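**Student:** Take this structure, written in structure tokens, and hold onto it; I'll ask about it next.
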Amino acid sequence: MKYTPKQIEKYQRQRYISLIEKISKNLFKMFRNEETTKEQFLNKFYELKKKLDEQIVIRLDSEYHHQMKAYIEKLHLECQQEFKLDDIREANMTLLNRLQKLKNGTSYKKDKHKHKDKNQDWG
């Protein structure tokens with residue numbers, strides 16, 4: 001069975017996005033765990049970053065995915081310099097939480113609830 005270019009692009013897109021999300025989840029777990037050492041963190045992060053670099057770069061439509069990719073690149077540059085894991089832990093957990101809120105922000109509001117105060121004078 002031969003796949004169409006559109007199917008191949010969709011598959012590559014799904015793999016790329018799932019890998020970005022996997023990296024963010026792993027980073028959050030490592031930052032949250034107080035027992036994670038700098039060496040463990042760097043080994044795992046570079047392993048995940050290498051997998052991301054091996055993927056074909058795709059166009060990202062979502063603001064969340066753009067921000068996540070930019071965060072991963074920024075953290076990669078930060079890790080190449082000298083740092084203490086405890087010093088960057090809190091700041092990065094805050095950034096990851098903000099990114100998670102950006103992702104979840106669209107899933108909790110329905111259109112019928114957005115304009116709730118507009119119809120308050122009906123009853």
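By order of appearance in the structure tokens: chains A, B, ..., then residues from 1 within every chain, and ligands from 1 in the order shown.
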Do you know which residues are at most 9 Å from Met93 (chain A) counting only C-alpha atoms, after dropping those on the same chain fewer than 4 positions away, and could you put them as a ChimeraX atom specification?
**Tutor:** /A:27-28,31-32,88-89,97-98
**Student:** Please determine, counting only C-alpha atoms, which residue among A:Lys103, A:Cys79, A:Leu95, A:Glu90 has the shortest atom-to-atom distance to Glu39 (chain A).
**Tutor:** A:Cys79
**Student:** I need the residues of region 26-100 of chain A that end up classed as alpha helix (DSSP H) by DSSP on the backbone, written out as an MDAnalysis selection string.
**Tutor:** chainID A and resid 26:32 38:54 63:80 85:100
**Student:** So how far away is CA of Ile23 (chain A) from CA of Lys44 (chain A), in Å?
**Tutor:**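 One can read the CA of Lys44 (chain A) to CA of Ile23 (chain A) distance as 9.5 Å.
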